[in-house]
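Student: Structure file protein-v7.tsv (TSV, C-alpha atoms) right here:
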```
chain	number	residue	atom	x	y	z
L	1	MET	CA	117.05	42.07	90.87
L	2	SER	CA	113.53	41.42	89.57
L	3	ALA	CA	111.72	43.71	87.14
L	4	ASP	CA	109.05	44.41	89.79
L	5	THR	CA	111.70	45.56	92.29
L	6	LYS	CA	113.30	47.88	89.74
L	7	LYS	CA	109.87	49.29	88.87
L	8	SER	CA	109.08	49.81	92.56
L	9	ARG	CA	112.33	51.71	93.17
L	10	SER	CA	111.85	53.77	90.04
L	11	SER	CA	108.33	54.67	91.14
L	12	ARG	CA	109.54	55.63	94.62
L	13	LYS	CA	112.26	57.84	93.18
L	14	SER	CA	109.74	59.56	90.90
L	15	LYS	CA	107.57	60.38	93.91
L	16	GLU	CA	110.54	61.88	95.72
L	17	ASP	CA	111.61	64.04	92.79
L	18	PRO	CA	109.11	66.89	93.39
L	19	PHE	CA	110.34	67.40	96.94
L	20	GLU	CA	113.97	67.22	95.83
L	21	LYS	CA	113.28	69.83	93.15
L	22	VAL	CA	111.62	72.20	95.63
L	23	ALA	CA	114.47	71.71	98.12
L	24	GLN	CA	117.11	72.40	95.46
L	25	THR	CA	115.27	75.47	94.22
L	26	LYS	CA	114.91	76.79	97.77
L	27	GLU	CA	118.64	76.45	98.44
L	28	LEU	CA	119.59	78.09	95.13
L	29	LEU	CA	117.23	81.02	95.67
L	30	LEU	CA	118.35	81.52	99.26
L	31	ALA	CA	122.00	81.51	98.23
L	32	GLU	CA	121.40	84.24	95.65
L	33	LEU	CA	119.15	86.35	97.89
L	34	LYS	CA	121.64	86.18	100.76
L	35	LYS	CA	124.26	87.77	98.52
L	36	VAL	CA	122.33	91.02	98.92
L	37	ILE	CA	119.79	90.64	101.73
L	38	VAL	CA	120.81	90.39	105.39
L	39	GLY	CA	118.31	88.85	107.83
L	40	GLN	CA	114.54	88.99	107.11
L	41	ASP	CA	114.44	85.18	106.87
L	42	GLN	CA	110.72	84.98	107.63
L	43	VAL	CA	109.83	87.55	104.96
L	44	ILE	CA	112.00	85.74	102.39
L	45	GLU	CA	110.20	82.49	103.21
L	46	GLN	CA	106.84	84.19	102.70
L	47	LEU	CA	107.98	85.51	99.31
L	48	MET	CA	108.88	81.94	98.33
L	49	VAL	CA	105.46	80.78	99.52
L	50	THR	CA	103.87	83.40	97.26
L	51	LEU	CA	105.96	82.16	94.34
L	52	LEU	CA	104.91	78.52	94.81
L	53	ALA	CA	101.26	79.36	95.47
L	54	ARG	CA	100.89	81.53	92.33
L	55	GLY	CA	99.90	84.57	94.36
L	56	HIS	CA	100.81	88.22	94.78
L	57	CYS	CA	102.60	89.73	97.75
L	58	LEU	CA	102.25	93.07	99.56
L	59	LEU	CA	105.26	94.06	101.68
L	60	THR	CA	104.56	96.61	104.40
L	61	GLY	CA	107.18	98.55	106.34
L	62	ILE	CA	108.50	102.02	107.03
L	63	PRO	CA	110.94	103.55	104.52
L	64	GLY	CA	114.54	102.36	104.61
L	65	LEU	CA	114.06	98.71	105.59
L	66	GLY	CA	114.90	97.22	102.19
L	67	LYS	CA	111.44	96.37	100.84
L	68	THR	CA	112.25	97.47	97.29
L	69	LEU	CA	115.72	95.93	97.41
L	70	LEU	CA	114.27	92.58	98.50
L	71	VAL	CA	111.77	92.47	95.61
L	72	LYS	CA	114.38	93.60	93.05
L	73	THR	CA	116.81	90.96	94.27
L	74	LEU	CA	114.18	88.22	93.99
L	75	ALA	CA	113.36	89.39	90.46
L	76	GLU	CA	117.06	89.22	89.52
L	77	ALA	CA	117.20	85.63	90.80
L	78	LEU	CA	114.37	84.69	88.41
L	79	ASP	CA	114.91	84.43	84.66
L	80	LEU	CA	111.75	86.44	83.92
L	81	SER	CA	110.84	89.80	82.43
L	82	PHE	CA	110.76	92.48	85.13
L	83	LYS	CA	109.28	95.97	85.34
L	84	ARG	CA	109.20	98.48	88.16
L	85	ILE	CA	106.34	100.94	88.53
L	86	GLN	CA	107.03	103.83	90.89
L	87	PHE	CA	103.60	104.77	92.19
L	88	THR	CA	103.15	108.53	92.64
L	89	PRO	CA	100.08	110.76	93.14
L	90	ASP	CA	100.06	111.77	89.45
L	91	LEU	CA	100.36	108.24	88.01
L	92	MET	CA	97.48	107.36	85.66
L	93	PRO	CA	95.90	103.93	84.92
L	94	ALA	CA	97.27	104.05	81.35
L	95	ASP	CA	100.77	104.33	82.80
L	96	VAL	CA	100.20	100.89	84.33
L	97	VAL	CA	98.20	98.87	81.79
L	98	GLY	CA	99.15	100.68	78.57
L	99	SER	CA	97.24	102.75	76.03
L	100	GLU	CA	96.28	103.00	72.39
L	101	VAL	CA	98.35	105.24	70.13
L	102	VAL	CA	97.68	106.45	66.60
L	103	ASP	CA	99.73	104.64	63.97
L	104	GLU	CA	100.18	106.80	60.87
L	105	GLY	CA	100.63	103.76	58.60
L	106	GLY	CA	103.73	104.90	56.71
L	107	SER	CA	103.40	105.52	52.95
L	108	SER	CA	99.77	104.35	52.82
L	109	GLY	CA	98.68	107.32	54.89
L	110	LYS	CA	96.01	105.26	56.67
L	111	ARG	CA	95.69	105.85	60.35
L	112	SER	CA	94.98	103.08	62.83
L	113	PHE	CA	95.13	102.50	66.54
L	114	ARG	CA	97.81	100.32	68.08
L	115	PHE	CA	97.89	99.15	71.72
L	116	VAL	CA	101.18	99.79	73.50
L	117	GLN	CA	101.58	97.46	76.46
L	118	GLY	CA	102.27	98.95	79.88
L	119	PRO	CA	104.64	97.60	82.51
L	120	ILE	CA	101.93	95.31	83.95
L	121	PHE	CA	102.69	92.91	81.07
L	122	ALA	CA	106.01	91.84	82.62
L	123	ASN	CA	106.24	88.48	84.43
L	124	VAL	CA	107.36	90.19	87.65
L	125	VAL	CA	105.98	93.64	88.42
L	126	LEU	CA	107.34	95.67	91.30
L	127	ALA	CA	104.57	98.04	92.36
L	128	ASP	CA	106.74	100.31	94.47
L	129	GLU	CA	105.00	102.34	97.19
L	130	ILE	CA	101.62	101.28	95.81
L	131	ASN	CA	99.71	103.29	98.40
L	132	ARG	CA	101.21	106.60	97.28
L	133	THR	CA	98.88	106.74	94.27
L	134	PRO	CA	95.11	107.47	94.36
L	135	PRO	CA	92.53	104.63	94.24
L	136	LYS	CA	91.77	105.18	90.54
L	137	THR	CA	95.28	104.07	89.58
L	138	GLN	CA	95.44	101.38	92.26
L	139	ALA	CA	92.32	99.83	90.73
L	140	ALA	CA	94.10	99.46	87.37
L	141	LEU	CA	95.83	96.41	88.85
L	142	LEU	CA	92.67	94.57	89.91
L	143	GLU	CA	91.91	92.67	86.69
L	144	ALA	CA	95.55	91.86	86.05
L	145	MET	CA	96.05	90.45	89.53
L	146	GLU	CA	92.91	88.33	89.69
L	147	GLU	CA	92.36	87.20	86.10
L	148	ARG	CA	95.89	87.57	84.65
L	149	GLN	CA	94.54	89.72	81.83
L	150	VAL	CA	94.04	93.38	80.92
L	151	THR	CA	91.11	94.98	79.10
L	152	ALA	CA	91.74	98.20	77.18
L	153	ALA	CA	89.53	99.88	74.58
L	154	GLY	CA	87.24	96.87	74.49
L	155	GLN	CA	90.04	94.38	73.82
L	156	THR	CA	91.29	91.78	76.30
L	157	TYR	CA	94.98	90.95	76.42
L	158	SER	CA	96.31	87.94	78.35
L	159	LEU	CA	99.40	88.32	80.50
L	160	ASP	CA	102.33	85.98	79.99
L	161	GLN	CA	102.67	83.37	82.72
L	162	PRO	CA	103.93	83.20	85.38
L	163	SER	CA	102.69	86.60	86.49
L	164	PHE	CA	103.40	88.19	89.88
L	165	VAL	CA	102.71	91.57	91.42
L	166	LEU	CA	105.13	92.17	94.27
L	167	ALA	CA	104.10	95.44	95.88
L	168	THR	CA	105.56	97.55	98.66
L	169	GLN	CA	103.69	100.03	100.82
L	170	ASN	CA	104.43	102.36	103.69
L	171	PRO	CA	102.20	102.26	106.77
L	172	ILE	CA	99.03	104.23	106.07
L	173	GLU	CA	99.71	106.50	109.04
L	174	LEU	CA	102.55	108.12	107.09
L	175	GLU	CA	101.90	111.39	105.25
L	176	GLY	CA	100.94	111.21	101.57
L	177	THR	CA	99.53	107.67	101.53
L	178	TYR	CA	96.18	106.36	100.28
L	179	PRO	CA	94.84	103.23	102.01
L	180	LEU	CA	94.33	100.38	99.53
L	181	PRO	CA	90.65	99.43	99.10
L	182	GLU	CA	89.58	96.14	100.65
L	183	ALA	CA	88.93	94.61	97.21
L	184	GLN	CA	92.52	95.20	96.21
L	185	LEU	CA	94.01	94.05	99.50
L	186	ASP	CA	92.12	90.78	99.13
L	187	ARG	CA	93.94	90.11	95.82
L	188	PHE	CA	97.24	89.79	97.67
L	189	LEU	CA	97.91	86.27	98.88
L	190	LEU	CA	100.17	87.42	101.71
L	191	ASN	CA	100.99	90.66	103.49
L	192	PRO	CA	104.40	90.27	105.17
L	193	VAL	CA	105.51	93.05	107.50
L	194	ILE	CA	109.18	94.03	107.42
L	195	ASN	CA	110.51	95.09	110.81
L	196	PHE	CA	113.85	96.48	111.94
L	197	LEU	CA	116.83	94.14	111.79
L	198	SER	CA	118.36	92.73	114.94
L	199	LEU	CA	121.45	94.56	116.20
L	200	ASP	CA	123.83	91.90	114.84
L	201	ASP	CA	122.10	91.79	111.45
L	202	GLU	CA	122.11	95.58	111.15
L	203	ILE	CA	125.83	95.71	111.95
L	204	LYS	CA	126.45	93.09	109.26
L	205	MET	CA	124.20	94.92	106.76
L	206	VAL	CA	125.90	98.27	107.30
L	207	ALA	CA	129.37	96.71	106.98
L	208	GLU	CA	128.45	94.97	103.73
L	209	THR	CA	126.62	97.86	102.09
L	210	THR	CA	129.28	100.49	102.81
L	211	GLY	CA	132.15	98.46	101.35
L	212	VAL	CA	133.00	97.19	97.88
L	213	ALA	CA	129.91	96.29	95.89
L	214	LYS	CA	129.26	92.56	95.52
L	215	SER	CA	128.30	90.81	92.32
L	216	PRO	CA	124.53	90.83	91.65
L	217	PRO	CA	122.54	87.63	92.08
L	218	LYS	CA	122.34	85.17	89.20
L	219	ALA	CA	119.07	83.90	87.73
L	220	VAL	CA	118.48	80.38	89.03
L	221	LEU	CA	114.86	79.71	88.02
L	222	ASP	CA	112.98	80.34	84.77
L	223	GLY	CA	109.29	80.58	83.92
L	224	ALA	CA	108.88	76.89	83.06
L	225	GLY	CA	110.50	75.93	86.35
L	226	ILE	CA	108.17	78.21	88.32
L	227	LEU	CA	105.08	76.83	86.58
L	228	GLU	CA	106.25	73.30	87.41
L	229	LEU	CA	106.70	74.20	91.07
L	230	GLN	CA	103.23	75.73	91.13
L	231	GLU	CA	101.77	72.49	89.76
L	232	ILE	CA	103.61	70.52	92.43
L	233	THR	CA	102.13	72.84	95.07
L	234	ARG	CA	98.59	72.42	93.72
L	235	ASP	CA	98.98	68.62	93.73
L	236	MET	CA	99.82	68.55	97.45
L	237	PRO	CA	97.21	66.56	99.41
L	238	VAL	CA	95.38	68.26	102.26
L	239	SER	CA	93.33	66.36	104.80
L	240	GLU	CA	89.73	67.33	105.45
L	241	HIS	CA	90.38	68.39	109.03
L	242	VAL	CA	93.11	70.85	107.93
L	243	VAL	CA	90.77	72.39	105.34
L	244	SER	CA	88.07	72.56	108.01
L	245	TYR	CA	90.46	74.33	110.41
L	246	ALA	CA	91.47	76.92	107.77
L	247	VAL	CA	87.84	77.66	106.88
L	248	ARG	CA	86.74	77.88	110.52
L	249	LEU	CA	89.67	80.23	111.25
L	250	ALA	CA	88.60	82.60	108.47
L	251	THR	CA	84.90	82.30	109.32
L	252	ALA	CA	85.52	83.10	112.98
L	253	SER	CA	86.90	86.51	111.98
L	254	ARG	CA	83.53	87.60	110.55
L	255	PRO	CA	81.18	89.56	112.80
L	256	GLY	CA	77.63	88.32	112.39
L	257	ALA	CA	78.72	84.84	111.29
L	258	GLU	CA	77.21	81.80	112.97
L	259	GLY	CA	78.96	81.24	116.30
L	260	SER	CA	80.80	84.58	116.24
L	261	ASP	CA	81.66	85.62	119.78
L	262	GLU	CA	81.29	88.96	121.52
L	263	TRP	CA	85.02	89.80	121.35
L	264	ILE	CA	85.00	89.61	117.54
L	265	GLU	CA	81.65	91.39	117.22
L	266	LYS	CA	83.03	94.31	119.18
L	267	ARG	CA	86.46	94.62	117.56
L	268	VAL	CA	86.04	93.63	113.91
L	269	LYS	CA	84.14	95.70	111.37
L	270	TRP	CA	84.77	93.37	108.42
L	271	GLY	CA	86.23	89.88	108.52
L	272	ALA	CA	88.18	87.71	106.09
L	273	GLY	CA	86.28	86.36	103.08
L	274	SER	CA	86.39	83.03	101.28
L	275	ARG	CA	89.55	83.99	99.41
L	276	ALA	CA	91.28	84.03	102.81
L	277	SER	CA	90.45	80.34	103.33
L	278	GLN	CA	91.95	79.55	99.94
L	279	ALA	CA	95.03	81.61	100.77
L	280	LEU	CA	95.54	79.70	104.03
L	281	ILE	CA	95.43	76.32	102.27
L	282	LEU	CA	97.60	77.30	99.29
L	283	SER	CA	100.14	78.99	101.55
L	284	GLY	CA	100.08	76.01	103.91
L	285	LYS	CA	100.84	73.70	100.98
L	286	ALA	CA	103.77	75.84	99.88
L	287	LEU	CA	105.09	76.09	103.44
L	288	ALA	CA	105.00	72.31	103.87
L	289	LEU	CA	106.78	71.82	100.55
L	290	LEU	CA	109.52	74.27	101.46
L	291	ASP	CA	109.95	72.36	104.71
L	292	GLY	CA	110.23	69.06	102.80
L	293	ARG	CA	106.99	67.55	104.16
L	294	PRO	CA	104.50	65.70	101.92
L	295	THR	CA	101.35	66.78	103.78
L	296	VAL	CA	99.93	69.97	105.22
L	297	ALA	CA	99.38	70.23	108.98
L	298	CYS	CA	97.37	72.66	111.09
L	299	GLU	CA	100.71	74.05	112.26
L	300	ASP	CA	101.35	75.27	108.71
L	301	ILE	CA	98.03	77.11	108.74
L	302	LYS	CA	98.90	78.70	112.07
L	303	ALA	CA	102.37	79.69	110.88
L	304	ILE	CA	101.04	81.52	107.83
L	305	ALA	CA	97.85	82.91	109.45
L	306	LYS	CA	99.09	86.45	110.15
L	307	PRO	CA	100.44	87.32	106.68
L	308	ALA	CA	97.41	85.61	105.09
L	309	LEU	CA	94.75	87.28	107.26
L	310	ARG	CA	96.03	90.61	108.62
L	311	HIS	CA	95.19	92.60	105.47
L	312	ARG	CA	91.78	90.94	105.14
L	313	ILE	CA	90.50	91.93	108.59
L	314	LEU	CA	89.24	95.47	109.15
L	315	PRO	CA	89.27	96.44	112.85
L	316	SER	CA	86.34	98.43	114.23
L	317	PHE	CA	86.44	101.92	115.69
L	318	PHE	CA	86.45	100.34	119.14
L	319	SER	CA	89.62	98.41	118.24
L	320	ASP	CA	91.28	101.61	117.10
L	321	SER	CA	90.36	103.32	120.34
L	322	GLU	CA	91.86	100.57	122.50
L	323	GLY	CA	94.90	100.00	120.29
L	324	THR	CA	93.92	96.57	118.96
L	325	ASP	CA	95.03	95.84	115.39
L	326	SER	CA	94.38	93.00	112.92
L	327	ASP	CA	97.41	91.04	114.20
L	328	ASP	CA	95.84	91.03	117.67
L	329	VAL	CA	92.62	89.70	116.13
L	330	VAL	CA	94.53	86.86	114.42
L	331	ASP	CA	96.27	86.04	117.71
L	332	TYR	CA	92.86	85.81	119.37
L	333	LEU	CA	91.54	83.53	116.61
L	334	LEU	CA	94.54	81.21	116.88
L	335	GLU	CA	93.89	80.87	120.61
L	336	GLU	CA	90.13	80.43	120.41
L	337	VAL	CA	89.53	78.32	117.26
L	338	PRO	CA	90.23	74.61	117.93
L	339	GLU	CA	92.00	72.41	115.36
L	340	THR	CA	89.09	69.98	115.39
L	341	ALA	CA	85.47	71.02	115.09
```
In structure tokens, what does this structure look like?
Tutor:
Amino acid sequence: MSADTKKSRSSRKSKEDPFEKVAQTKELLLAELKKVIVGQDQVIEQLMVTLLARGHCLLTGIPGLGKTLLVKTLAEALDLSFKRIQFTPDLMPADVVGSEVVDEGGSSGKRSFRFVQGPIFANVVLADEINRTPPKTQAALLEAMEERQVTAAGQTYSLDQPSFVLATQNPIELEGTYPLPEAQLDRFLLNPVINFLSLDDEIKMVAETTGVAKSPPKAVLDGAGILELQEITRDMPVSEHVVSYAVRLATASRPGAEGSDEWIEKRVKWGAGSRASQALILSGKALALLDGRPTVACEDIKAIAKPALRHRILPSFFSDSEGTDSDDVVDYLLEEVPETA
């Protein structure tokens, strides 16, 4: 065998390695998650997309559907620091980001201030029932989520990477909830909705959770491995027409935008911003990788459109009156916006 042939095969194998690594990681994570979680395959996939795309995830669903359990199980399958914040009406911003305390200084008697880090400094933060705390405390997460840093008492502290906020929320129609402001919703890459299990899955879940407790999931991926997967995701090529489709899909949701039609003008008060276009592309890349494909297709953008856009579209009063929600708006966009301009 010639040296050129060996080099060619070695090069080909190197190119295949990223996809093999993602596939292996996917199988390992699924195996550990399935030890605890029954069903919810689509939501699990969207959590993996968030992981690869270096985003944050907001899980929405009524109480009792396993939102918190799903996030905790994912955190256990990752060899990362983990903190849970239980959001309540009396939670203060300092309870999230940390605060300065007076340090007496021992024998010297000199007093000084020392910053004590809050739970936001963990690699994985479970913001449980995030919409049960007032906006002042919700806003404490904004800088950490967008810039991966926290500013307190004039000092800026960087968060260790990787850094994820995996939040859960109850539907805002439930008593004792505070709707998240649009600026905060936009920080979440995806907003999966957890629905009731199928009859067969619920039977299986009840049988498993009322018997002998199973062993907890093992950690199968560390911080360095996650950062490597995120780099692989960023390096994925995306054709110009796919980028164009994602941008046109987001733009079409905006009332007052060029070419906006009457249906959107009437039913949407505020459409998806530029961060939504980025979310569609990054999520599409991660989805293609998880599926073992080297390029992103418009079908990937369509598949991830609802969790990427539903929390970024604010329906109008007219929509509320006729029972149209943001998912209906996304369905309309997917029907009306062509793949090619």
Student: Quote the spacing between CA of Pro93 (chain L) and CA of Asn170 (chain L) in Å to one decimal place.
Tutor: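 CA of Pro93 (chain L) sits 20.7 Å away from CA of Asn170 (chain L).
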Student: Pick out the closest residue to Glu299 (chain L) from this set: L:Leu29, L:Leu189, L:Ala246, L:Ala341. Count all atoms listed in the file.
Tutor: L:Ala246
Student: With 12 Å as the threshold, what does the neighbourhood of (87.5, 77.7, 101.6) contain in terms of residues, counting all atoms listed in the file? Coordinates are those of the file; answer as an mmCIF file with C-alpha atoms, keeping the file's coordinate frame.
Tutor:
```cif
data_model
loop_
_atom_site.group_PDB
_atom_site.id
_atom_site.type_symbol
_atom_site.label_atom_id
_atom_site.label_comp_id
_atom_site.auth_asym_id
_atom_site.auth_seq_id
_atom_site.Cartn_x
_atom_site.Cartn_y
_atom_site.Cartn_z
ATOM 1 C CA GLU L 240 89.730 67.330 105.450
ATOM 2 C CA VAL L 242 93.110 70.850 107.930
ATOM 3 C CA VAL L 243 90.770 72.390 105.340
ATOM 4 C CA SER L 244 88.070 72.560 108.010
ATOM 5 C CA TYR L 245 90.460 74.330 110.410
ATOM 6 C CA ALA L 246 91.470 76.920 107.770
ATOM 7 C CA VAL L 247 87.840 77.660 106.880
ATOM 8 C CA ARG L 248 86.740 77.880 110.520
ATOM 9 C CA LEU L 249 89.670 80.230 111.250
ATOM 10 C CA ALA L 250 88.600 82.600 108.470
ATOM 11 C CA THR L 251 84.900 82.300 109.320
ATOM 12 C CA ALA L 272 88.180 87.710 106.090
ATOM 13 C CA GLY L 273 86.280 86.360 103.080
ATOM 14 C CA SER L 274 86.390 83.030 101.280
ATOM 15 C CA ARG L 275 89.550 83.990 99.410
ATOM 16 C CA ALA L 276 91.280 84.030 102.810
ATOM 17 C CA SER L 277 90.450 80.340 103.330
ATOM 18 C CA GLN L 278 91.950 79.550 99.940
ATOM 19 C CA ALA L 279 95.030 81.610 100.770
ATOM 20 C CA LEU L 280 95.540 79.700 104.030
ATOM 21 C CA ILE L 281 95.430 76.320 102.270
ATOM 22 C CA LEU L 282 97.600 77.300 99.290
#
```
Student: Could you jot down the CA of Leu199 (chain L) to CA of Leu30 (chain L) separation for me, Å, one decimal place?
Tutor: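 The value is 21.6 Å.
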Student: Need to verify the contact set: Val43 (chain L), 10 Å, only C-alpha atoms, exclusion of same-chain residues closer than 6 positions in sequence. Can you return it as a PDB file with C-alpha atoms, keeping the file's coordinate frame?
Tutor:
```pdb
ATOM      1  CA  VAL L  49     105.460  80.780  99.520  1.00  0.00           C
ATOM      2  CA  LEU L  59     105.260  94.060 101.680  1.00  0.00           C
ATOM      3  CA  LYS L  67     111.440  96.370 100.840  1.00  0.00           C
ATOM      4  CA  LEU L  70     114.270  92.580  98.500  1.00  0.00           C
ATOM      5  CA  ASN L 191     100.990  90.660 103.490  1.00  0.00           C
ATOM      6  CA  PRO L 192     104.400  90.270 105.170  1.00  0.00           C
ATOM      7  CA  VAL L 193     105.510  93.050 107.500  1.00  0.00           C
ATOM      8  CA  ILE L 194     109.180  94.030 107.420  1.00  0.00           C
ATOM      9  CA  ASN L 195     110.510  95.090 110.810  1.00  0.00           C
ATOM     10  CA  PRO L 307     100.440  87.320 106.680  1.00  0.00           C
TER      11      PRO L 307
END
```
Student: Using only C-alpha atoms, pick whichever of L:Asp235, L:Glu265, L:Glu208, L:Asp222 has the shortest atom-to-atom distance to Leu289 (chain L).
Tutor: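 Comparing L:Asp235, L:Glu265, L:Glu208, L:Asp222 against Leu289 (chain L), the winner is L:Asp235.
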Student: Add whatever atoms are absent from region 227-247 of chain L to reach N, CA and C atoms, and provide the output as a CSV table (one decimal), in the coordinates of the input.
Tutor:
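Once everything was written out, this is result00.csv:
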```
chain,number,residue,atom,x,y,z
L,227,LEU,N,106.4,77.5,86.9
L,227,LEU,CA,105.1,76.8,86.6
L,227,LEU,C,105.0,75.4,87.1
L,228,GLU,N,106.2,74.7,86.9
L,228,GLU,CA,106.2,73.3,87.4
L,228,GLU,C,106.1,73.2,88.9
L,229,LEU,N,106.8,74.2,89.6
L,229,LEU,CA,106.7,74.2,91.1
L,229,LEU,C,105.3,74.5,91.5
L,230,GLN,N,104.6,75.4,90.8
L,230,GLN,CA,103.2,75.7,91.1
L,230,GLN,C,102.3,74.5,91.0
L,231,GLU,N,102.6,73.7,89.9
L,231,GLU,CA,101.8,72.5,89.8
L,231,GLU,C,102.0,71.5,90.9
L,232,ILE,N,103.3,71.4,91.3
L,232,ILE,CA,103.6,70.5,92.4
L,232,ILE,C,102.9,71.0,93.7
L,233,THR,N,102.8,72.3,93.9
L,233,THR,CA,102.1,72.8,95.1
L,233,THR,C,100.6,72.5,95.0
L,234,ARG,N,100.0,72.7,93.9
L,234,ARG,CA,98.6,72.4,93.7
L,234,ARG,C,98.3,70.9,94.0
L,235,ASP,N,99.2,70.1,93.6
L,235,ASP,CA,99.0,68.6,93.7
L,235,ASP,C,99.2,68.1,95.2
L,236,MET,N,99.6,69.0,96.1
L,236,MET,CA,99.8,68.6,97.4
L,236,MET,C,98.5,68.1,98.1
L,237,PRO,N,98.5,67.0,98.7
L,237,PRO,CA,97.2,66.6,99.4
L,237,PRO,C,97.0,67.3,100.7
L,238,VAL,N,95.7,67.6,101.0
L,238,VAL,CA,95.4,68.3,102.3
L,238,VAL,C,94.2,67.5,102.9
L,239,SER,N,94.4,67.1,104.1
L,239,SER,CA,93.3,66.4,104.8
L,239,SER,C,92.1,67.2,105.1
L,240,GLU,N,91.0,66.6,105.2
L,240,GLU,CA,89.7,67.3,105.4
L,240,GLU,C,89.7,68.2,106.7
L,241,HIS,N,90.4,67.6,107.8
L,241,HIS,CA,90.4,68.4,109.0
L,241,HIS,C,91.2,69.7,109.0
L,242,VAL,N,92.3,69.6,108.1
L,242,VAL,CA,93.1,70.8,107.9
L,242,VAL,C,92.3,71.9,107.1
L,243,VAL,N,91.6,71.5,106.1
L,243,VAL,CA,90.8,72.4,105.3
L,243,VAL,C,89.7,73.0,106.3
L,244,SER,N,89.1,72.1,107.1
L,244,SER,CA,88.1,72.6,108.0
L,244,SER,C,88.6,73.6,109.0
L,245,TYR,N,89.8,73.4,109.5
L,245,TYR,CA,90.5,74.3,110.4
L,245,TYR,C,90.7,75.7,109.7
L,246,ALA,N,91.2,75.7,108.5
L,246,ALA,CA,91.5,76.9,107.8
L,246,ALA,C,90.2,77.7,107.5
L,247,VAL,N,89.1,77.0,107.1
L,247,VAL,CA,87.8,77.7,106.9
L,247,VAL,C,87.2,78.2,108.2
```
